[in-house]
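K.L.:
Got a structure for you, questions after.
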Amino acid sequence: MTLKLPAWCKHLPVVMLFLLLPLTGLALPTTGFRFVDIPGSDGTILKANYIAPTTPGPHPAVVFISSWGLNDLEYLAQANAMAQKGYVALSYTPRGFWASGGGIDTAGPADIADTSRVIDWMLANTTANPSRIGLAGVSYGAGISLIASGFDSRVKAVAALSGWSDLVASLFGGETRRPQAVALLNLAATLLGRPSPELSTTINDYFANRNIESIKAWGRVRSAATYISQINANKPAILMANAYGDSLFPPNQLVSFYGQLAGPKRLEFAPGDHAVVEATGLLGLPNGVWTSVTRWMDQYVAGVDTGISREAPVVLRTYDGDTEGYASWAQVSKGTQRFGLGAIRVLDGTGTLGGTPSSSGSRTVWSGFDTNADAGVALLTNGLQALTGIPPVVWLPGVNRLNAGVWTSSLTTSGVAIRGTASLRLRVTPSTASGTVVAYLYDLLGDFGGLITHVPLSWKNATPGVPLDLDLTFPATAYDVPVLHRLALVVDTEDPLYLDANTTGATLSLGGPSWLDLPTR
């Protein structure tokens with residue numbers, strides 16, 4: 001039940017109420033949820049709801065943009081909590097989904113214009129303060145919020161959870177397509193929305209591997225990184241939170257984007273997969289990410305000093321449950337530990353990981369055949385790991401050495417604290433012009449390895465029979481390899497998460513010099 005404010009509170013300025021509420025435990029009375037239709041940029045009707053304090057305005061405001069396949073009911077718990085703190089909280093369903101009109105624009109120009117029209121409507125029909133407006137969203141809502149902050153200077157703060165800044169990197173990271181992720185998005189769009197002809201054509205071309213440059217141009221229009229100069233000109237305060245194992249929007253793109261931001265900024269990473277880390281907060285349960293969102297909006301929209309502006313802006317939650325703060329991304333790692341890839345032995349088909357990289361003892365593998373080293377299922381595998389602590393596990397002796405290269409380190413005597421983005425320089429000699437490799441890094445105990453991170457890389461236009469140096473950059477992570485464990489590196493050519501460029505039965509020689517660089521704390 002919502003508590004009524006004492007009479008003496010009703011005459012205090014709204015900012016003073018923000019300061020008093022944490023001390024009194026009182027919640028502002030609200031209007032309750034009101035469901036409305038809002039005309040979009042071209043008259044398309046967007047379904048929305050809002051909730052506001054009944055105290056005199058103007059009030060700070062936050063606009064929640066729903067996720068792909070969801071609607072404006074997604075944020076009821078968070079919107080109610082914000083309204084009780086003194087915000088006007090408006091949520092809307094982007095065009096093309098559920099009862100909103102039009103076709104899905106995939107964070108395109110129509111979607112971005114819609115966000116501004118929603119703000120216009122909110123200012124005209126509620127007690128929202130035009131100088132105190134924030135945008136927030138999960139996934140699709142995050143991507144739209146980031147882009148919109150470059151097109152509407154009224155936006156003072158953004159909270160982007162499980163979002164993207166570079167859609168091209170999401171679709172073609174390592175020049176490798178992601179069929180599971182895109183198929184899930186397509187399924188949700190088909191069942192719960194109305195894909196525009198442009199979106200349908202783009203998805204069909206994606207799976208057919210045609211018109212790739214057109215798809216990338218389409219993706220750049222829908223990437224916040226494209227509009228970094230406009231965003232920096234407006235200088236909104238931007239909070240981004242993602243998972244290390246996000247199978248839709250891998251985290252490295254946000255590291256690059258974060259580094260280019262000129263305004264107040266915060267970056268939070270945690271174990272998990274897409275939209276898993278913040279999911280409990282949508283149910284109204286205690287959640288660290290949503291606590292940050294609330295503090296961020298209080299600081300930069302409501303104008304209340306929460307202390308978040310003085311905290312370390314880069315926050316890493318480790319797989320062991322610790323939380324670490326850093327002044328910048330550059331300070332996440334203190335150095336790099338290089339593990340040379342040794343010659344693969346004939347007897348057990350395994351090479352040494354560590355020491356000086358070897359230039360001899362190359363290993364020929366056959367492409368197009370999968371091994372038992374894989375990254376699992378999009379959304380499900382890493383999501384379950386966040387909940388259970390159990391990663392994808394490989395039995396290393398079972399990795400077919402005819403189709404993979406395997407290297408293992410010696411036992412760690414002091415553990416290895418991996419912080420940041422690991423990289424692999426791999427020299428290969430392909431028998432075909434195009435191909436794909438997938439590299440997996442494992443925490444090895446005995447013969448069983450728990451997956452730390454993985455990365456694919458595809459190439460084309462190589463000269464068959466000529467050595468080719470590949471540079472693979474793993475997704476950012478914060479993982480502690482325990483004492484007396486080993487590291488294992490597996491390189492094969494297939495994974496169900498990816499559409500590869502291999503020719504079945506083609507050969508790939510894994511040689512040297514090759515090495516693994518681990519960023520360490």
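Following the order of the structure tokens, chains are lettered A, B, ..., residues in each are numbered from 1, and ligands are numbered from 1.
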For Ala89 in chain A, list every protein, DNA or RNA residue within 7 Å, evaluated using only C-alpha atoms, and leave out those in the same chain fewer than 3 positions away; present the list as a PyMOL selection string.
P.N.:
chain A and resi 50-52+61-63+79+82-83
K.L.:
Name the residues in contact with Gly389 in chain A at a cut-off of 10 Å, using only C-alpha atoms, excluding same-chain residues fewer than 2 positions from it; report them as number ranges by chain.
P.N.:
A: 271-272, 319-321, 382-387, 391
K.L.:
Write the residues you've just listed into a file as a tab-separated table (two decimals), in the first residue's frame, and include C-alpha atoms for each of them.
P.N.:
```tsv
chain	number	residue	atom	x	y	z
A	271	PRO	CA	28.88	-12.84	-15.61
A	272	GLY	CA	25.87	-13.97	-17.60
A	319	TYR	CA	32.78	-15.02	-11.53
A	320	ASP	CA	33.67	-15.46	-7.85
A	321	GLY	CA	31.09	-12.87	-6.86
A	382	ASN	CA	25.76	-18.37	-20.25
A	383	GLY	CA	22.50	-17.45	-18.58
A	384	LEU	CA	22.48	-20.72	-16.65
A	385	GLN	CA	26.13	-20.20	-15.77
A	386	ALA	CA	25.24	-16.86	-14.17
A	387	LEU	CA	22.54	-18.57	-12.11
A	391	PRO	CA	30.08	-23.14	-17.30
```
K.L.:
Report as a ChimeraX atom specification all protein, DNA and RNA residues lying within 7 Å of Ala128 in chain A, evaluated on only C-alpha atoms, omitting residues in the same chain fewer than 2 positions from it.
P.N.:
/A:58-61,88,122-123,126,130
K.L.:
Restricting the calculation to only C-alpha atoms: of A:Tyr140, A:Trp407, A:Phe207, A:Tyr326, which residue gets closest to Arg419 in chain A?
P.N.:
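Of A:Tyr140, A:Trp407, A:Phe207, A:Tyr326, the one nearest Arg419 in chain A is A:Tyr326, counting only C-alpha atoms.
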K.L.:
Tell me, as a PyMOL selection string, which residues lie within 6 Å of Tyr92 in chain A, counting only C-alpha atoms; anything in the same chain fewer than 4 positions away does not count.
P.N.:
chain A and resi 47-48+65+72
K.L.:
Please save N, CA and C atoms of the selected residues as a compact mmCIF listing (two decimals), in the first residue's frame.
P.N.:
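File produced: selection.txt:
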```
# COMPACT_ATOMS: atom_id res chain seq x y z
N LYS A 47 1.83 2.44 -28.26
CA LYS A 47 1.17 2.12 -27.00
C LYS A 47 2.12 2.43 -25.85
N ALA A 48 1.57 3.04 -24.80
CA ALA A 48 2.42 3.49 -23.70
C ALA A 48 1.64 3.50 -22.40
N ILE A 65 12.03 2.31 -22.65
CA ILE A 65 11.74 1.80 -23.99
C ILE A 65 11.82 0.28 -23.95
N ASP A 72 5.21 -2.33 -23.28
CA ASP A 72 5.39 -1.32 -22.25
C ASP A 72 5.04 -1.80 -20.85
```
K.L.:
Taking only C-alpha atoms into account, name the residue in A:Thr432, A:Thr31, A:Thr504, A:Thr413 that is nearest to Val481 in chain A.
P.N.:
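Between A:Thr432, A:Thr31, A:Thr504, A:Thr413, the residue approaching Val481 in chain A most closely is A:Thr413.
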K.L.:
Could you pull out the helix (DSSP H, G or I) residues of range 277-505 of chain A, going by DSSP on the backbone, and write them as an NGL selection string?
P.N.:
:A and (279-282 or 288-302 or 308-310 or 329-331 or 380-388 or 396-398)
K.L.:
Once DSSP has gone over the backbone, tell me which residues of range 40-255 of chain A are in strand (DSSP E or B), as a ChimeraX atom specification.
P.N.:
/A:45-51,53,59-65,88-92,97,104,128-138,155-161,177,193,195,237-243
K.L.:
Name all residues at most 9 Å from Phe369 in chain A (count only C-alpha atoms; drop same-chain ones fewer than 2 positions away) and give them as a ChimeraX atom specification.
P.N.:
/A:366-367,371,403,492-494,504-505
K.L.:
Leaving out Arg295 in chain A and any residue of its chain fewer than 6 positions from it, which residues lie within 12 Å of it when counting only C-alpha atoms, given as number ranges by chain?
P.N.:
A: 18, 82, 85, 157-159, 239, 266, 288-289, 301-309, 311
K.L.:
Only N, CA and C atoms, please: the residues just picked out, written as a short mmCIF file (atom, residue, chain, number, x, y, z; two decimals), in the first residue's frame.
P.N.:
```cif
data_model
loop_
_atom_site.label_atom_id
_atom_site.label_comp_id
_atom_site.auth_asym_id
_atom_site.auth_seq_id
_atom_site.Cartn_x
_atom_site.Cartn_y
_atom_site.Cartn_z
N PHE A 18 13.37 14.08 -2.34
CA PHE A 18 14.32 13.03 -2.69
C PHE A 18 15.28 12.77 -1.54
N MET A 82 10.16 4.21 -9.40
CA MET A 82 10.63 5.55 -9.73
C MET A 82 9.57 6.60 -9.44
N LYS A 85 9.49 7.56 -5.96
CA LYS A 85 10.62 8.40 -5.59
C LYS A 85 10.45 9.84 -6.09
N ALA A 157 20.37 11.91 -19.28
CA ALA A 157 21.03 10.69 -18.82
C ALA A 157 20.43 9.49 -19.54
N VAL A 158 21.25 8.45 -19.69
CA VAL A 158 20.84 7.20 -20.33
C VAL A 158 21.29 6.04 -19.46
N ALA A 159 20.43 5.05 -19.31
CA ALA A 159 20.80 3.78 -18.69
C ALA A 159 20.53 2.70 -19.72
N LEU A 239 25.21 5.44 -18.60
CA LEU A 239 25.50 4.21 -17.87
C LEU A 239 25.22 3.04 -18.80
N ARG A 266 29.65 5.49 -17.09
CA ARG A 266 29.86 4.37 -16.19
C ARG A 266 29.66 3.09 -16.99
N GLY A 288 21.48 -5.47 -8.35
CA GLY A 288 22.57 -4.51 -8.33
C GLY A 288 22.58 -3.57 -9.52
N VAL A 289 22.25 -4.09 -10.71
CA VAL A 289 22.26 -3.24 -11.90
C VAL A 289 21.18 -2.16 -11.79
N VAL A 301 19.62 13.12 -13.43
CA VAL A 301 18.32 13.62 -13.86
C VAL A 301 17.65 14.42 -12.73
N ALA A 302 17.53 13.80 -11.56
CA ALA A 302 16.87 14.49 -10.45
C ALA A 302 17.77 15.53 -9.79
N GLY A 303 19.09 15.41 -9.98
CA GLY A 303 20.00 16.38 -9.38
C GLY A 303 20.28 16.13 -7.92
N VAL A 304 20.18 14.86 -7.51
CA VAL A 304 20.45 14.49 -6.12
C VAL A 304 21.82 13.81 -6.06
N ASP A 305 22.67 14.24 -5.16
CA ASP A 305 24.01 13.67 -5.04
C ASP A 305 23.93 12.29 -4.38
N THR A 306 24.10 11.25 -5.18
CA THR A 306 24.08 9.88 -4.66
C THR A 306 25.48 9.34 -4.41
N GLY A 307 26.49 10.10 -4.82
CA GLY A 307 27.87 9.65 -4.66
C GLY A 307 28.37 8.84 -5.83
N ILE A 308 27.50 8.47 -6.76
CA ILE A 308 27.93 7.60 -7.86
C ILE A 308 28.91 8.30 -8.78
N SER A 309 28.84 9.63 -8.83
CA SER A 309 29.75 10.38 -9.70
C SER A 309 31.18 10.36 -9.19
N GLU A 311 32.47 7.59 -7.62
CA GLU A 311 32.92 6.20 -7.56
C GLU A 311 33.72 5.84 -8.80
#
```
K.L.:
Out of A:Asn204, A:Asn71, A:Thr176, A:Thr356, which residue has the shortest atom-to-atom distance to Asp495 in chain A when counting only C-alpha atoms?
P.N.:
A:Thr176
K.L.:
Looking at only C-alpha atoms, which of A:Pro519, A:Met297, A:Lys156, A:Tyr244 is the one that sits closest to Gly263 in chain A?
P.N.:
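Closest to Gly263 in chain A of all the choices is A:Lys156.
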